[in-house]
Amino acid sequence: MPRSWIVAGIGIVALIALAIINPLVIVKAGYSGVVLNWGAASDKVLDAGIHWVMPIKSSVEKMDIRIQKEEVGVSAASKDLQTVTSQVALNFHLDPQKVNQLYKGIGKDYKERVIDPSIQEAVKSATAKYTAEELITKRELVKEDIKESLKLRLANDFIVVDELNIINFDFSTAFNQTIEEKQVAVQQALKAENDLKRIKIEAEQRVAEAQAEAQAIKLQSEAANNEKYVSLKQLEVQLEFAKKWNGVLPSNLYGSAPIPFLQIGK
C-alpha cells in the first residue's frame, strides 16, 4: 500500500474522531454556557462565542439568559375570606454569571421547581392582606406587593424579576353580584342627591320670587296711601279720557244736563 494512502487514511480517521469528539463549542447570543466536567457543573461559565473545551471530560450546557415569561393561575383567599382566582404573568431572566449555581442547585426545570411555586406563595400572601374590594381598588399596590415578594424569593436562586402583571382577578358569583348591587346603590344615591340639590335650588328660587312679589305689593300698598300718588293716578285717568274724547259732552243718565269735568286736586 502506498505511503500516501496511509497518510490520507490517518487524516480521515483523525477528522472523523475530531468531529465526534468536537472540542469546539459555540454559545449563541442570549445564552450562557455551563461547563460540565464528567457531568458535574463546574465554576466556569462561558459567554456567547466560540470556546474550546477538553474533549470527553467536559461538555457545555447552554442556559437561556434572555427575558422569559411565565404565566400562572392562582386561587387564594382575601382578607375578608372571599375566594379570588388570579392570573399572573411574570417576566424574568437568569443571572448570566450565576447560571452554573442555578444549574447545580436546581437544574434546567427551574420554572416548575422554583418560579411557579414562588408565584403561588407570593400571590396568596399578598391577597390575604387585602379585602376583595381593595384587590380591585388598590390593584397597583397589590401588584407591587407581589412583585417585591417575588424579587426576594427568586434572588436566592439567581433569577431576576423584570416585571409582573396581574392579568385578571376573578371573584365568586355572589361577590360579583354584591359589587354590582353596590354600584347600583351608589348611582341611585348620587341621583337622589342631585335631585335634592335641584329641588332645593327650585325652592330657593320660588322663595326669592315670592319675596320679590311681596315687596312689590308692599310698595304698591304704601304708594296707594300716599295723597300725591292718588292725585297722580286721577290725573292719568283724566288725560287718558281726554285723548279719547270726540268733542261731545256726555249727557246725564237722569237728565239732559252735561256731566261736569272732574276737579284736579289743588
# chains A, B, ... in the order shown; residues from 1 in each chain; ligands from 1

call {"tool": "closest_atom_pairs", "arguments": {"of": "region 56-138 of chain A", "to": "region 160-174 of chain A", "cutoff": "9 Å", "atoms": "only C-alpha atoms", "output": "Markdown table"}}
result
| residue | atom | partner | partner_atom | distance |
| --- | --- | --- | --- | --- |
| A:Ile67 | CA | A:Asp162 | CA | 7.8 |
| A:Gln82 | CA | A:Phe171 | CA | 7.4 |
| A:Thr83 | CA | A:Phe171 | CA | 6.2 |
| A:Val84 | CA | A:Phe171 | CA | 5.0 |
| A:Thr85 | CA | A:Asp170 | CA | 5.0 |
| A:Ser86 | CA | A:Phe169 | CA | 4.7 |
| A:Gln87 | CA | A:Asn168 | CA | 5.2 |
| A:Val88 | CA | A:Ile166 | CA | 4.7 |
| A:Ala89 | CA | A:Asn165 | CA | 5.3 |
| A:Leu90 | CA | A:Leu164 | CA | 4.6 |
| A:Asn91 | CA | A:Glu163 | CA | 5.1 |
| A:Phe92 | CA | A:Val161 | CA | 4.5 |
| A:His93 | CA | A:Val160 | CA | 5.4 |
| A:Leu94 | CA | A:Val160 | CA | 6.0 |
| A:Asp95 | CA | A:Val160 | CA | 6.5 |
| A:Ala132 | CA | A:Phe171 | CA | 8.0 |
| A:Leu135 | CA | A:Phe169 | CA | 8.1 |
| A:Ile136 | CA | A:Phe169 | CA | 7.9 |

call {"tool": "select_by_dssp", "arguments": {"residues": "region 135-206 of chain A", "states": "strand (DSSP E or B)", "output": "list of chain:residue names"}}
result
A:Ile159, A:Val160, A:Val161, A:Asp162, A:Glu163, A:Leu164, A:Asn165, A:Ile166, A:Ile167, A:Asn168, A:Phe169, A:Asp170, A:Phe171

call {"tool": "write_last_selection", "arguments": {"atoms": "C-alpha atoms", "output": "PDB file, in the first residue's frame"}}
result
ATOM      1  CA  ILE A 159     -33.413  34.528  38.978  1.00  0.00           C
ATOM      2  CA  VAL A 160     -34.009  38.231  38.314  1.00  0.00           C
ATOM      3  CA  VAL A 161     -37.572  39.632  38.207  1.00  0.00           C
ATOM      4  CA  ASP A 162     -38.088  42.140  35.375  1.00  0.00           C
ATOM      5  CA  GLU A 163     -41.820  42.825  35.520  1.00  0.00           C
ATOM      6  CA  LEU A 164     -45.029  41.400  36.875  1.00  0.00           C
ATOM      7  CA  ASN A 165     -48.585  41.911  35.648  1.00  0.00           C
ATOM      8  CA  ILE A 166     -51.899  40.848  37.135  1.00  0.00           C
ATOM      9  CA  ILE A 167     -53.850  39.825  34.062  1.00  0.00           C
ATOM     10  CA  ASN A 168     -57.105  39.206  35.872  1.00  0.00           C
ATOM     11  CA  PHE A 169     -58.906  38.954  39.212  1.00  0.00           C
ATOM     12  CA  ASP A 170     -61.981  36.701  39.299  1.00  0.00           C
ATOM     13  CA  PHE A 171     -64.357  36.563  42.251  1.00  0.00           C
TER      14      PHE A 171
END

call {"tool": "atom_distance", "arguments": {"atom1": "CA of Pro23 (chain A)", "atom2": "CA of Leu36 (chain A)"}}
result
13.1 Å

call {"tool": "residues_around", "arguments": {"residues": "region 111-116 of chain A", "least_positions_apart": "2", "cutoff": "12 Å", "atoms": "only C-alpha atoms", "output": "PyMOL selection string"}}
result
chain A and resi 68-74+88-94+102+105-109+118-123+150-151+153-161

call {"tool": "closest_residue", "arguments": {"among": "A:Glu213, A:Glu148, A:Glu202, A:Asp64", "to": "Tyr110 (chain A)", "atoms": "only C-alpha atoms"}}
result
A:Asp64

call {"tool": "atom_distance", "arguments": {"atom1": "CA of Ile26 (chain A)", "atom2": "CA of Gly39 (chain A)"}}
result
18.5 Å

call {"tool": "closest_residue", "arguments": {"among": "A:Thr127, A:Gln220, A:Asn194, A:Ser42", "to": "Glu144 (chain A)", "atoms": "only C-alpha atoms"}}
result
A:Thr127

call {"tool": "residues_around", "arguments": {"residues": "Val35 (chain A)", "least_positions_apart": "6", "cutoff": "6 Å", "atoms": "only C-alpha atoms", "output": "ChimeraX atom specification"}}
result
/A:42,44,59-60

call {"tool": "write_last_selection", "arguments": {"atoms": "C-alpha atoms", "output": "CSV table (one decimal), in the first residue's frame"}}
result
chain,number,residue,atom,x,y,z
A,42,SER,CA,-18.1,23.5,37.4
A,44,LYS,CA,-16.8,28.1,34.8
A,59,SER,CA,-19.3,19.3,27.9
A,60,VAL,CA,-21.4,22.5,27.9

call {"tool": "closest_residue", "arguments": {"among": "A:Leu46, A:Ala41, A:Ala29, A:Val99", "to": "Met63 (chain A)", "atoms": "only C-alpha atoms"}}
result
A:Val99

call {"tool": "atom_distance", "arguments": {"atom1": "CA of Gln97 (chain A)", "atom2": "CA of Ile146 (chain A)"}}
result
25.8 Å
